[in-house]
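**Student:** Got a file for you: model-v1.cif, mmCIF, C-alpha atoms and all ligand atoms; chains and numbers go by the auth columns.
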```
data_query
#
loop_
_atom_site.group_PDB
_atom_site.id
_atom_site.type_symbol
_atom_site.label_atom_id
_atom_site.label_comp_id
_atom_site.label_asym_id
_atom_site.label_seq_id
_atom_site.Cartn_x
_atom_site.Cartn_y
_atom_site.Cartn_z
_atom_site.B_iso_or_equiv
_atom_site.auth_seq_id
_atom_site.auth_asym_id
ATOM 1 C CA MET A 1 -1.658 -27.703 -5.153 0.00 21 A
ATOM 2 C CA LYS A 2 -3.511 -25.253 -2.978 0.00 22 A
ATOM 3 C CA LYS A 3 -5.603 -26.591 -0.139 0.00 23 A
ATOM 4 C CA PHE A 4 -8.999 -25.048 0.395 0.00 24 A
ATOM 5 C CA ALA A 5 -10.621 -25.051 3.786 0.00 25 A
ATOM 6 C CA LEU A 6 -14.217 -26.208 4.096 0.00 26 A
ATOM 7 C CA PHE A 7 -15.297 -23.230 6.126 0.00 27 A
ATOM 8 C CA LEU A 8 -14.789 -21.075 3.056 0.00 28 A
ATOM 9 C CA ILE A 9 -17.656 -22.757 1.192 0.00 29 A
ATOM 10 C CA PRO A 10 -19.945 -19.708 1.689 0.00 30 A
ATOM 11 C CA PHE A 11 -17.453 -17.721 -0.381 0.00 31 A
ATOM 12 C CA LEU A 12 -17.796 -20.318 -3.136 0.00 32 A
ATOM 13 C CA LEU A 13 -21.565 -19.939 -3.158 0.00 33 A
ATOM 14 C CA LEU A 14 -21.189 -16.189 -3.206 0.00 34 A
ATOM 15 C CA SER A 15 -18.767 -16.245 -6.095 0.00 35 A
ATOM 16 C CA ALA A 16 -21.036 -18.522 -8.127 0.00 36 A
ATOM 17 C CA GLN A 17 -23.377 -15.536 -8.365 0.00 37 A
ATOM 18 C CA ASN A 18 -20.639 -13.538 -9.965 0.00 38 A
ATOM 19 C CA SER A 19 -18.627 -15.466 -12.497 0.00 39 A
ATOM 20 C CA ALA A 20 -16.543 -12.408 -13.388 0.00 40 A
ATOM 21 C CA VAL A 21 -15.076 -12.362 -9.914 0.00 41 A
ATOM 22 C CA ALA A 22 -14.389 -16.093 -10.014 0.00 42 A
ATOM 23 C CA GLU A 23 -12.535 -15.771 -13.315 0.00 43 A
ATOM 24 C CA ASN A 24 -10.238 -12.989 -12.204 0.00 44 A
ATOM 25 C CA ASN A 25 -9.552 -14.032 -8.717 0.00 45 A
ATOM 26 C CA ASP A 26 -9.574 -17.019 -6.462 0.00 46 A
ATOM 27 C CA PRO A 27 -11.941 -15.834 -3.729 0.00 47 A
ATOM 28 C CA LYS A 28 -10.955 -18.634 -1.353 0.00 48 A
ATOM 29 C CA GLN A 29 -7.293 -17.686 -1.143 0.00 49 A
ATOM 30 C CA LEU A 30 -6.393 -15.622 1.921 0.00 50 A
ATOM 31 C CA LYS A 31 -4.259 -12.708 0.763 0.00 51 A
ATOM 32 C CA ALA A 32 -2.156 -10.175 2.606 0.00 52 A
ATOM 33 C CA SER A 33 0.036 -7.352 1.366 0.00 53 A
ATOM 34 C CA ILE A 34 3.170 -6.010 2.976 0.00 54 A
ATOM 35 C CA ILE A 35 3.792 -2.467 1.840 0.00 55 A
ATOM 36 C CA ILE A 36 7.261 -1.207 2.646 0.00 56 A
ATOM 37 C CA ASP A 37 7.408 2.597 2.831 0.00 57 A
ATOM 38 C CA ASP A 38 10.195 5.124 2.422 0.00 58 A
ATOM 39 C CA PHE A 39 12.129 3.630 -0.488 0.00 59 A
ATOM 40 C CA GLY A 40 13.989 6.470 -2.150 0.00 60 A
ATOM 41 C CA GLY A 41 14.793 7.776 1.341 0.00 61 A
ATOM 42 C CA GLY A 42 16.740 5.724 3.880 0.00 62 A
ATOM 43 C CA THR A 43 18.916 2.832 2.784 0.00 63 A
ATOM 44 C CA GLY A 44 18.576 0.363 5.713 0.00 64 A
ATOM 45 C CA GLY A 45 16.859 -2.823 4.565 0.00 65 A
ATOM 46 C CA VAL A 46 16.546 -1.688 0.936 0.00 66 A
ATOM 47 C CA ARG A 47 18.650 -4.484 -0.518 0.00 67 A
ATOM 48 C CA ASP A 48 17.146 -7.059 1.864 0.00 68 A
ATOM 49 C CA PHE A 49 13.629 -6.294 0.681 0.00 69 A
ATOM 50 C CA LEU A 50 14.343 -5.713 -3.015 0.00 70 A
ATOM 51 C CA GLU A 51 16.484 -8.824 -3.365 0.00 71 A
ATOM 52 C CA GLY A 52 14.432 -10.904 -0.906 0.00 72 A
ATOM 53 C CA ALA A 53 11.970 -13.663 -1.739 0.00 73 A
ATOM 54 C CA VAL A 54 8.867 -11.942 -0.307 0.00 74 A
ATOM 55 C CA PRO A 55 6.697 -10.101 -2.865 0.00 75 A
ATOM 56 C CA ILE A 56 6.385 -6.887 -0.901 0.00 76 A
ATOM 57 C CA THR A 57 4.931 -3.729 -2.427 0.00 77 A
ATOM 58 C CA ALA A 58 7.546 -0.961 -2.585 0.00 78 A
ATOM 59 C CA ALA A 59 6.289 2.542 -1.720 0.00 79 A
ATOM 60 C CA VAL A 60 8.867 4.939 -3.138 0.00 80 A
ATOM 61 C CA MET A 61 9.259 8.579 -2.060 0.00 81 A
ATOM 62 C CA PRO A 62 9.316 10.901 -5.083 0.00 82 A
ATOM 63 C CA PHE A 63 11.916 13.576 -5.879 0.00 83 A
ATOM 64 C CA THR A 64 14.830 12.027 -3.990 0.00 84 A
ATOM 65 C CA GLU A 65 18.262 11.056 -5.227 0.00 85 A
ATOM 66 C CA ASN A 66 17.300 7.372 -5.114 0.00 86 A
ATOM 67 C CA SER A 67 13.629 7.512 -6.205 0.00 87 A
ATOM 68 C CA ARG A 68 14.206 6.371 -9.761 0.00 88 A
ATOM 69 C CA GLU A 69 16.903 3.838 -8.898 0.00 89 A
ATOM 70 C CA HIS A 70 14.834 2.124 -6.195 0.00 90 A
ATOM 71 C CA ALA A 71 11.714 2.056 -8.381 0.00 91 A
ATOM 72 C CA GLU A 72 13.641 0.555 -11.315 0.00 92 A
ATOM 73 C CA TRP A 73 15.353 -1.952 -9.034 0.00 93 A
ATOM 74 C CA ALA A 74 12.042 -3.090 -7.552 0.00 94 A
ATOM 75 C CA HIS A 75 10.399 -3.359 -10.961 0.00 95 A
ATOM 76 C CA LYS A 76 13.303 -5.355 -12.385 0.00 96 A
ATOM 77 C CA ASN A 77 12.809 -7.903 -9.597 0.00 97 A
ATOM 78 C CA GLY A 78 9.052 -8.155 -10.143 0.00 98 A
ATOM 79 C CA ILE A 79 8.146 -6.079 -7.083 0.00 99 A
ATOM 80 C CA GLU A 80 5.110 -3.814 -7.411 0.00 100 A
ATOM 81 C CA VAL A 81 5.864 -0.094 -7.116 0.00 101 A
ATOM 82 C CA ILE A 82 3.654 2.649 -5.704 0.00 102 A
ATOM 83 C CA VAL A 83 4.317 6.335 -5.018 0.00 103 A
ATOM 84 C CA HIS A 84 4.783 7.185 -1.347 0.00 104 A
ATOM 85 C CA LEU A 85 3.321 10.663 -1.484 0.00 105 A
ATOM 86 C CA PRO A 86 4.720 13.004 1.190 0.00 106 A
ATOM 87 C CA MET A 87 1.896 14.921 2.864 0.00 107 A
ATOM 88 C CA GLN A 88 1.902 17.523 5.604 0.00 108 A
ATOM 89 C CA PRO A 89 1.432 16.145 9.150 0.00 109 A
ATOM 90 C CA LYS A 90 0.042 17.958 12.193 0.00 110 A
ATOM 91 C CA LYS A 91 3.356 17.602 13.993 0.00 111 A
ATOM 92 C CA GLY A 92 6.872 16.946 12.798 0.00 112 A
ATOM 93 C CA LYS A 93 9.800 18.472 11.020 0.00 113 A
ATOM 94 C CA ARG A 94 9.548 19.858 7.539 0.00 114 A
ATOM 95 C CA SER A 95 12.680 17.887 6.644 0.00 115 A
ATOM 96 C CA TRP A 96 10.821 14.585 7.222 0.00 116 A
ATOM 97 C CA LEU A 97 8.722 15.295 4.147 0.00 117 A
ATOM 98 C CA GLY A 98 11.512 15.614 1.593 0.00 118 A
ATOM 99 C CA PRO A 99 11.200 17.798 -1.497 0.00 119 A
ATOM 100 C CA LYS A 100 7.885 19.047 -2.921 0.00 120 A
ATOM 101 C CA PRO A 101 5.417 17.597 -0.373 0.00 121 A
ATOM 102 C CA ILE A 102 1.657 18.072 -0.489 0.00 122 A
ATOM 103 C CA THR A 103 0.925 20.873 1.968 0.00 123 A
ATOM 104 C CA VAL A 104 -2.411 22.456 2.838 0.00 124 A
ATOM 105 C CA ASP A 105 -1.345 25.889 1.546 0.00 125 A
ATOM 106 C CA LEU A 106 -1.282 24.569 -2.037 0.00 126 A
ATOM 107 C CA SER A 107 -4.150 25.143 -4.469 0.00 127 A
ATOM 108 C CA PRO A 108 -5.845 22.023 -5.894 0.00 128 A
ATOM 109 C CA LYS A 109 -4.189 22.832 -9.228 0.00 129 A
ATOM 110 C CA GLU A 110 -0.752 22.888 -7.601 0.00 130 A
ATOM 111 C CA VAL A 111 -1.516 19.638 -5.773 0.00 131 A
ATOM 112 C CA LYS A 112 -2.410 17.917 -9.031 0.00 132 A
ATOM 113 C CA LYS A 113 0.771 19.192 -10.645 0.00 133 A
ATOM 114 C CA ARG A 114 2.909 17.874 -7.777 0.00 134 A
ATOM 115 C CA VAL A 115 1.245 14.464 -7.844 0.00 135 A
ATOM 116 C CA GLU A 116 1.799 14.243 -11.603 0.00 136 A
ATOM 117 C CA GLU A 117 5.456 15.188 -11.124 0.00 137 A
ATOM 118 C CA ALA A 118 5.775 12.644 -8.306 0.00 138 A
ATOM 119 C CA LEU A 119 4.486 9.940 -10.645 0.00 139 A
ATOM 120 C CA LYS A 120 7.104 10.912 -13.224 0.00 140 A
ATOM 121 C CA SER A 121 9.876 10.629 -10.651 0.00 141 A
ATOM 122 C CA VAL A 122 8.764 7.116 -9.588 0.00 142 A
ATOM 123 C CA PRO A 123 8.619 4.957 -12.728 0.00 143 A
ATOM 124 C CA HIS A 124 6.307 1.897 -12.890 0.00 144 A
ATOM 125 C CA ALA A 125 4.030 3.139 -10.092 0.00 145 A
ATOM 126 C CA VAL A 126 0.551 1.572 -10.180 0.00 146 A
ATOM 127 C CA GLY A 127 -0.770 3.063 -6.948 0.00 147 A
ATOM 128 C CA MET A 128 -0.185 5.611 -4.203 0.00 148 A
ATOM 129 C CA ASN A 129 -0.065 5.743 -0.448 0.00 149 A
ATOM 130 C CA ASN A 130 0.597 8.677 1.861 0.00 150 A
ATOM 131 C CA HIS A 131 3.801 9.419 3.778 0.00 151 A
ATOM 132 C CA MET A 132 2.754 11.081 7.072 0.00 152 A
ATOM 133 C CA GLY A 133 -0.056 13.529 6.190 0.00 153 A
ATOM 134 C CA SER A 134 -2.191 13.647 9.343 0.00 154 A
ATOM 135 C CA LEU A 135 -3.079 17.269 8.495 0.00 155 A
ATOM 136 C CA ALA A 136 -3.323 17.132 4.698 0.00 156 A
ATOM 137 C CA VAL A 137 -5.419 13.926 4.496 0.00 157 A
ATOM 138 C CA GLU A 138 -8.176 15.686 6.460 0.00 158 A
ATOM 139 C CA ASP A 139 -8.404 18.460 3.844 0.00 159 A
ATOM 140 C CA GLU A 140 -11.149 17.646 1.374 0.00 160 A
ATOM 141 C CA ASP A 141 -9.904 19.854 -1.482 0.00 161 A
ATOM 142 C CA ILE A 142 -6.363 18.517 -1.218 0.00 162 A
ATOM 143 C CA VAL A 143 -7.497 14.898 -1.118 0.00 163 A
ATOM 144 C CA ARG A 144 -9.916 15.402 -4.010 0.00 164 A
ATOM 145 C CA ALA A 145 -7.119 16.797 -6.179 0.00 165 A
ATOM 146 C CA ILE A 146 -4.966 13.725 -5.425 0.00 166 A
ATOM 147 C CA VAL A 147 -7.799 11.293 -6.091 0.00 167 A
ATOM 148 C CA GLU A 148 -8.527 13.027 -9.396 0.00 168 A
ATOM 149 C CA VAL A 149 -4.993 12.290 -10.571 0.00 169 A
ATOM 150 C CA ALA A 150 -5.314 8.681 -9.364 0.00 170 A
ATOM 151 C CA LYS A 151 -8.480 8.351 -11.441 0.00 171 A
ATOM 152 C CA GLU A 152 -6.904 9.883 -14.548 0.00 172 A
ATOM 153 C CA LYS A 153 -3.834 7.642 -14.285 0.00 173 A
ATOM 154 C CA LYS A 154 -5.803 4.555 -13.173 0.00 174 A
ATOM 155 C CA LEU A 155 -3.945 4.151 -9.895 0.00 175 A
ATOM 156 C CA TYR A 156 -5.197 2.567 -6.714 0.00 176 A
ATOM 157 C CA ILE A 157 -4.886 4.276 -3.340 0.00 177 A
ATOM 158 C CA ILE A 158 -3.826 2.824 -0.012 0.00 178 A
ATOM 159 C CA ASP A 159 -4.736 5.055 2.913 0.00 179 A
ATOM 160 C CA SER A 160 -1.747 4.717 5.244 0.00 180 A
ATOM 161 C CA GLY A 161 -4.062 5.485 8.153 0.00 181 A
ATOM 162 C CA THR A 162 -2.178 8.408 9.692 0.00 182 A
ATOM 163 C CA SER A 163 -5.448 10.136 10.642 0.00 183 A
ATOM 164 C CA PRO A 164 -8.813 8.587 11.570 0.00 184 A
ATOM 165 C CA LYS A 165 -10.429 11.597 9.874 0.00 185 A
ATOM 166 C CA SER A 166 -8.772 10.947 6.514 0.00 186 A
ATOM 167 C CA LYS A 167 -10.926 11.996 3.566 0.00 187 A
ATOM 168 C CA PHE A 168 -9.353 9.406 1.250 0.00 188 A
ATOM 169 C CA PRO A 169 -11.936 6.617 1.796 0.00 189 A
ATOM 170 C CA ILE A 170 -15.026 8.757 1.242 0.00 190 A
ATOM 171 C CA ILE A 171 -13.710 10.726 -1.742 0.00 191 A
ATOM 172 C CA ALA A 172 -12.137 7.716 -3.455 0.00 192 A
ATOM 173 C CA LYS A 173 -15.405 5.787 -3.096 0.00 193 A
ATOM 174 C CA GLU A 174 -17.389 8.733 -4.401 0.00 194 A
ATOM 175 C CA MET A 175 -15.096 8.942 -7.459 0.00 195 A
ATOM 176 C CA ASN A 176 -14.955 5.168 -7.891 0.00 196 A
ATOM 177 C CA VAL A 177 -11.212 4.925 -7.383 0.00 197 A
ATOM 178 C CA PRO A 178 -10.017 1.654 -5.790 0.00 198 A
ATOM 179 C CA ILE A 179 -9.018 2.226 -2.184 0.00 199 A
ATOM 180 C CA LEU A 180 -7.964 0.118 0.791 0.00 200 A
ATOM 181 C CA LYS A 181 -6.697 1.058 4.220 0.00 201 A
ATOM 182 C CA ARG A 182 -3.665 -0.083 6.164 0.00 202 A
ATOM 183 C CA ASP A 183 -4.531 -2.527 8.956 0.00 203 A
ATOM 184 C CA VAL A 184 -1.229 -2.894 10.819 0.00 204 A
ATOM 185 C CA PHE A 185 2.042 -0.995 11.250 0.00 205 A
ATOM 186 C CA LEU A 186 4.885 -3.495 11.536 0.00 206 A
ATOM 187 C CA ASP A 187 7.739 -1.505 12.997 0.00 207 A
ATOM 188 C CA ASP A 188 6.414 1.238 15.273 0.00 208 A
ATOM 189 C CA ILE A 189 8.737 -0.424 17.785 0.00 209 A
ATOM 190 C CA SER A 190 12.045 -1.354 16.217 0.00 210 A
ATOM 191 C CA SER A 191 12.648 -4.983 17.155 0.00 211 A
ATOM 192 C CA ALA A 192 12.348 -8.150 15.088 0.00 212 A
ATOM 193 C CA ASN A 193 10.251 -9.644 17.879 0.00 213 A
ATOM 194 C CA HIS A 194 7.747 -6.769 17.647 0.00 214 A
ATOM 195 C CA VAL A 195 7.633 -7.039 13.851 0.00 215 A
ATOM 196 C CA ARG A 196 6.813 -10.766 14.171 0.00 216 A
ATOM 197 C CA LYS A 197 4.038 -9.932 16.650 0.00 217 A
ATOM 198 C CA GLN A 198 2.582 -7.413 14.216 0.00 218 A
ATOM 199 C CA MET A 199 2.872 -9.937 11.377 0.00 219 A
ATOM 200 C CA ASN A 200 0.839 -12.279 13.555 0.00 220 A
ATOM 201 C CA ARG A 201 -1.814 -9.549 13.876 0.00 221 A
ATOM 202 C CA LEU A 202 -1.777 -9.218 10.092 0.00 222 A
ATOM 203 C CA ALA A 203 -2.361 -12.980 9.797 0.00 223 A
ATOM 204 C CA LYS A 204 -5.312 -12.835 12.217 0.00 224 A
ATOM 205 C CA ILE A 205 -6.929 -9.916 10.400 0.00 225 A
ATOM 206 C CA THR A 206 -6.431 -11.709 7.082 0.00 226 A
ATOM 207 C CA GLU A 207 -8.036 -14.888 8.422 0.00 227 A
ATOM 208 C CA PHE A 208 -10.949 -12.867 9.751 0.00 228 A
ATOM 209 C CA SER A 209 -11.658 -10.699 6.708 0.00 229 A
ATOM 210 C CA GLY A 210 -10.005 -12.549 3.814 0.00 230 A
ATOM 211 C CA LYS A 211 -7.387 -9.886 3.257 0.00 231 A
ATOM 212 C CA GLY A 212 -5.045 -7.613 5.186 0.00 232 A
ATOM 213 C CA ILE A 213 -2.513 -4.847 4.695 0.00 233 A
ATOM 214 C CA ALA A 214 0.578 -4.138 6.758 0.00 234 A
ATOM 215 C CA ILE A 215 3.008 -1.258 6.406 0.00 235 A
ATOM 216 C CA GLY A 216 6.682 -1.411 7.357 0.00 236 A
ATOM 217 C CA HIS A 217 9.647 0.767 6.520 0.00 237 A
ATOM 218 C CA VAL A 218 13.117 0.849 5.073 0.00 238 A
ATOM 219 C CA GLY A 219 15.539 3.315 6.664 0.00 239 A
ATOM 220 C CA VAL A 220 16.678 3.250 10.283 0.00 240 A
ATOM 221 C CA THR A 221 14.310 0.397 11.169 0.00 241 A
ATOM 222 C CA GLY A 222 14.590 -1.282 7.763 0.00 242 A
ATOM 223 C CA LYS A 223 16.984 -4.084 8.532 0.00 243 A
ATOM 224 C CA VAL A 224 15.073 -5.121 11.659 0.00 244 A
ATOM 225 C CA CYS A 225 11.781 -4.902 9.776 0.00 245 A
ATOM 226 C CA SER A 226 13.067 -7.165 6.998 0.00 246 A
ATOM 227 C CA VAL A 227 14.307 -9.743 9.519 0.00 247 A
ATOM 228 C CA GLY A 228 10.921 -9.823 11.281 0.00 248 A
ATOM 229 C CA VAL A 229 9.027 -10.130 7.977 0.00 249 A
ATOM 230 C CA PHE A 230 11.217 -12.919 6.608 0.00 250 A
ATOM 231 C CA GLN A 231 11.067 -14.845 9.888 0.00 251 A
ATOM 232 C CA SER A 232 7.249 -14.745 9.716 0.00 252 A
ATOM 233 C CA MET A 233 6.949 -16.299 6.284 0.00 253 A
ATOM 234 C CA GLU A 234 6.963 -19.909 7.429 0.00 254 A
ATOM 235 C CA GLU A 235 3.995 -19.153 9.698 0.00 255 A
ATOM 236 C CA PHE A 236 2.112 -17.490 6.825 0.00 256 A
ATOM 237 C CA GLU A 237 2.699 -20.545 4.659 0.00 257 A
ATOM 238 C CA LYS A 238 1.398 -22.821 7.411 0.00 258 A
ATOM 239 C CA ARG A 239 -1.734 -20.719 7.702 0.00 259 A
ATOM 240 C CA ASN A 240 -2.112 -20.719 3.899 0.00 260 A
ATOM 241 C CA ILE A 241 -1.950 -16.932 3.606 0.00 261 A
ATOM 242 C CA LYS A 242 -0.428 -15.701 0.379 0.00 262 A
ATOM 243 C CA ILE A 243 1.592 -12.468 0.297 0.00 263 A
ATOM 244 C CA VAL A 244 0.532 -10.581 -2.827 0.00 264 A
ATOM 245 C CA PRO A 245 1.213 -7.177 -4.398 0.00 265 A
ATOM 246 C CA ALA A 246 -1.354 -4.693 -3.078 0.00 266 A
ATOM 247 C CA SER A 247 -3.093 -4.471 -6.472 0.00 267 A
ATOM 248 C CA GLN A 248 -4.130 -8.124 -6.085 0.00 268 A
ATOM 249 C CA LEU A 249 -6.186 -7.367 -2.986 0.00 269 A
ATOM 250 C CA PHE A 250 -8.846 -5.650 -5.053 0.00 270 A
ATOM 251 C CA SER A 251 -11.706 -7.971 -5.896 0.00 271 A
ATOM 252 C CA THR A 252 -11.695 -7.467 -9.646 0.00 272 A
ATOM 253 C CA LYS A 253 -9.146 -6.274 -12.127 0.00 273 A
ATOM 254 C CA LEU A 254 -8.545 -2.605 -11.437 0.00 274 A
ATOM 255 C CA THR A 255 -9.241 -1.527 -14.985 0.00 275 A
ATOM 256 C CA GLU A 256 -12.627 -3.239 -14.865 0.00 276 A
ATOM 257 C CA GLN A 257 -13.437 -1.688 -11.518 0.00 277 A
ATOM 258 C CA TYR A 258 -12.905 1.725 -13.101 0.00 278 A
ATOM 259 C CA LEU A 259 -15.544 0.955 -15.707 0.00 279 A
ATOM 260 C CA VAL A 260 -18.325 0.357 -13.190 0.00 280 A
ATOM 261 C CA PRO A 261 -20.710 3.316 -13.571 0.00 281 A
HETATM 262 ZN ZN ZN B . 6.730 7.176 5.016 0.00 301 B
#
```
Write the structure described by the file as structure tokens, please.
**Tutor:**
Amino acid sequence: MKKFALFLIPFLLLSAQNSAVAENNDPKQLKASIIIDDFGGGTGGVRDFLEGAVPITAAVMPFTENSREHAEWAHKNGIEVIVHLPMQPKKGKRSWLGPKPITVDLSPKEVKKRVEEALKSVPHAVGMNNHMGSLAVEDEDIVRAIVEVAKEKKLYIIDSGTSPKSKFPIIAKEMNVPILKRDVFLDDISSANHVRKQMNRLAKITEFSGKGIAIGHVGVTGKVCSVGVFQSMEEFEKRNIKIVPASQLFSTKLTEQYLVP
């Protein structure tokens, strides 16, 4: 049995005005998502997360040797899969982007083609987030082309928050594509202690706003990230915060949201 706190009564009153929301979703439940980036790339922490008991959301890089395998593995274990779309940053090595990234020299038509190909190389994907991209996410034409594909394929978007000037929120809202933004990075410092601290920030944000999104990584920091996440779960249970796939953070069923004029 779930316990509901009294201070959430205003949410109850609010939801009574909208029975559709109440049917699809329990508005009183605090929900957080832990998106783990860079599947398909590095191997550190991959098994820990994909065989672990926490329902993370797996963001899989397209076009790599392991893209398909990691996506299938996640899906088989009931873990939600999204495409981790490599996008051009302001600084950094070209090699960090992997094959066929979204770069600002591409035409919108080429961008759309690459996103469609990326989706084919990551089976079961129901959403997208960006890998790097501090330059490309600020380019309106590039972002619009990506959001158009998301709309056609009925995918949600998570803005990884690599630039404060990202065009994703405004264009996705304009085109009525479901979008949320990352609140916390878990492993910008690679220690389990730091990851636990960041998980605590995620809990606070979730308690404040009803939902929260953290991003961590597999690869060199993967093992440490998984340890920090798993060690935090008891605390999340105590605080009655449920870890859910990112799609469950949206207030109504995604397909219905798309139908709103
Ligand atoms: Zn990444």
**Student:** The PyMOL selection byres (((not hetatm)) within 12 of (chain B and resi 301)) - which residues does that actually catch in the file I just gave you? List them as an NGL selection string.
**Tutor:** :A and (55-62 or 78-82 or 103-109 or 116-118 or 121 or 148-154 or 179-182 or 205 or 207-208 or 235-242)
**Student:** Please provide as a list in words all residues within 9 Å of range 265-267 of chain A, with the sequence filter that same-chain residues fewer than 5 positions apart are discarded (counting all atoms listed in the file).
**Tutor:**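 In the requested format, the answer is Ala52, Ser53, Ile54, Ile55, Pro75, Ile76, Thr77, Ile99, Glu100, Val101, Val146, Gly147, Tyr176, Ile178, Ile233, Lys273 and Leu274 of chain A.
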**Student:** The PyMOL selection byres (((chain A and resi 136-138) around 12) and not hetatm) on the file shown: which residues, as an MDAnalysis selection string?
**Tutor:** chainID A and resid 60 80:84 87:88 102:106 118:122 129:135 139:145 147:149 165:173 175
**Student:** Create the file for the chosen residues now, containing C-alpha atoms and written as a short mmCIF file (atom, residue, chain, number, x, y, z; two decimals), keeping the file's coordinate frame.
**Tutor:**
```cif
data_model
loop_
_atom_site.label_atom_id
_atom_site.label_comp_id
_atom_site.auth_asym_id
_atom_site.auth_seq_id
_atom_site.Cartn_x
_atom_site.Cartn_y
_atom_site.Cartn_z
CA GLY A 60 13.99 6.47 -2.15
CA VAL A 80 8.87 4.94 -3.14
CA MET A 81 9.26 8.58 -2.06
CA PRO A 82 9.32 10.90 -5.08
CA PHE A 83 11.92 13.58 -5.88
CA THR A 84 14.83 12.03 -3.99
CA SER A 87 13.63 7.51 -6.20
CA ARG A 88 14.21 6.37 -9.76
CA ILE A 102 3.65 2.65 -5.70
CA VAL A 103 4.32 6.34 -5.02
CA HIS A 104 4.78 7.18 -1.35
CA LEU A 105 3.32 10.66 -1.48
CA PRO A 106 4.72 13.00 1.19
CA GLY A 118 11.51 15.61 1.59
CA PRO A 119 11.20 17.80 -1.50
CA LYS A 120 7.88 19.05 -2.92
CA PRO A 121 5.42 17.60 -0.37
CA ILE A 122 1.66 18.07 -0.49
CA LYS A 129 -4.19 22.83 -9.23
CA GLU A 130 -0.75 22.89 -7.60
CA VAL A 131 -1.52 19.64 -5.77
CA LYS A 132 -2.41 17.92 -9.03
CA LYS A 133 0.77 19.19 -10.64
CA ARG A 134 2.91 17.87 -7.78
CA VAL A 135 1.25 14.46 -7.84
CA LEU A 139 4.49 9.94 -10.64
CA LYS A 140 7.10 10.91 -13.22
CA SER A 141 9.88 10.63 -10.65
CA VAL A 142 8.76 7.12 -9.59
CA PRO A 143 8.62 4.96 -12.73
CA HIS A 144 6.31 1.90 -12.89
CA ALA A 145 4.03 3.14 -10.09
CA GLY A 147 -0.77 3.06 -6.95
CA MET A 148 -0.18 5.61 -4.20
CA ASN A 149 -0.06 5.74 -0.45
CA ALA A 165 -7.12 16.80 -6.18
CA ILE A 166 -4.97 13.72 -5.42
CA VAL A 167 -7.80 11.29 -6.09
CA GLU A 168 -8.53 13.03 -9.40
CA VAL A 169 -4.99 12.29 -10.57
CA ALA A 170 -5.31 8.68 -9.36
CA LYS A 171 -8.48 8.35 -11.44
CA GLU A 172 -6.90 9.88 -14.55
CA LYS A 173 -3.83 7.64 -14.28
CA LEU A 175 -3.94 4.15 -9.90
#
```
**Student:** With the PyMOL selection byres (((chain A and resi 214) around 12) and not hetatm) as the selection, what would be picked from this file? Answer as a PyMOL selection string, please.
**Tutor:** chain A and resi 204-213+215-221+236+241+244-249+251-252
**Student:** With distances taken over all atoms listed in the file, which residue among A:Lys201, A:Arg164, A:Lys243, A:Lys262 lies nearest Thr226 in chain A?
**Tutor:**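 Smallest distance to Thr226 in chain A is found for A:Lys262.
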**Student:** How far is it from CA of His90 in chain A to CA of Ala156 in chain A, in Å with one decimal?
**Tutor:**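 Calculated distance between CA of His90 in chain A and CA of Ala156 in chain A is 26.0 Å.
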**Student:** Please measure the separation of CA of Ile177 in chain A and CA of Val197 in chain A, giving the value in Å to one decimal.
**Tutor:** 7.5 Å
**Student:** Write out as a PyMOL selection string which residues come within 8 Å of Val74 in chain A when counting only C-alpha atoms, dropping same-chain ones fewer than 3 positions away.
**Tutor:** chain A and resi 69+250+263
**Student:** Dump C-alpha atoms for the selected residues as a PDB file, keeping the file's coordinate frame?
**Tutor:**
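Once everything was written out, this is part12.pdb:
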```pdb
ATOM      1  CA  PHE A  69      13.629  -6.294   0.681  1.00  0.00           C
ATOM      2  CA  PHE A 250      11.217 -12.919   6.608  1.00  0.00           C
ATOM      3  CA  ILE A 263       1.592 -12.468   0.297  1.00  0.00           C
TER       4      ILE A 263
END
```
**Student:** Between CA of Leu269 in chain A and CA of Pro189 in chain A, what is the distance, to one decimal in Å?
**Tutor:**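 Between CA of Leu269 in chain A and CA of Pro189 in chain A the gap works out to 15.9 Å.
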**Student:** I'd like to know which of A:Asn196, A:Glu85, A:Trp93, A:Ala223 is closest to Lys258 in chain A, using only C-alpha atoms.
**Tutor:** A:Ala223
**Student:** How about completing range 83-87 of chain A with N, CA, C and O atoms and giving it to me as a compact mmCIF listing (two decimals), keeping the file's coordinate frame?
**Tutor:**
```
# COMPACT_ATOMS: atom_id res chain seq x y z
N PHE A 83 11.03 12.40 -5.88
CA PHE A 83 11.92 13.58 -5.88
C PHE A 83 13.19 13.40 -5.07
O PHE A 83 13.81 14.38 -4.67
N THR A 84 13.57 12.19 -4.72
CA THR A 84 14.83 12.03 -3.99
C THR A 84 15.90 11.51 -4.95
O THR A 84 15.60 11.06 -6.05
N GLU A 85 17.12 11.53 -4.45
CA GLU A 85 18.26 11.06 -5.23
C GLU A 85 18.07 9.61 -5.69
O GLU A 85 18.51 9.23 -6.76
N ASN A 86 17.42 8.81 -4.83
CA ASN A 86 17.30 7.37 -5.11
C ASN A 86 15.92 6.94 -5.63
O ASN A 86 15.70 5.74 -5.84
N SER A 87 15.00 7.89 -5.82
CA SER A 87 13.63 7.51 -6.20
C SER A 87 13.63 6.60 -7.43
O SER A 87 13.08 5.49 -7.40
```
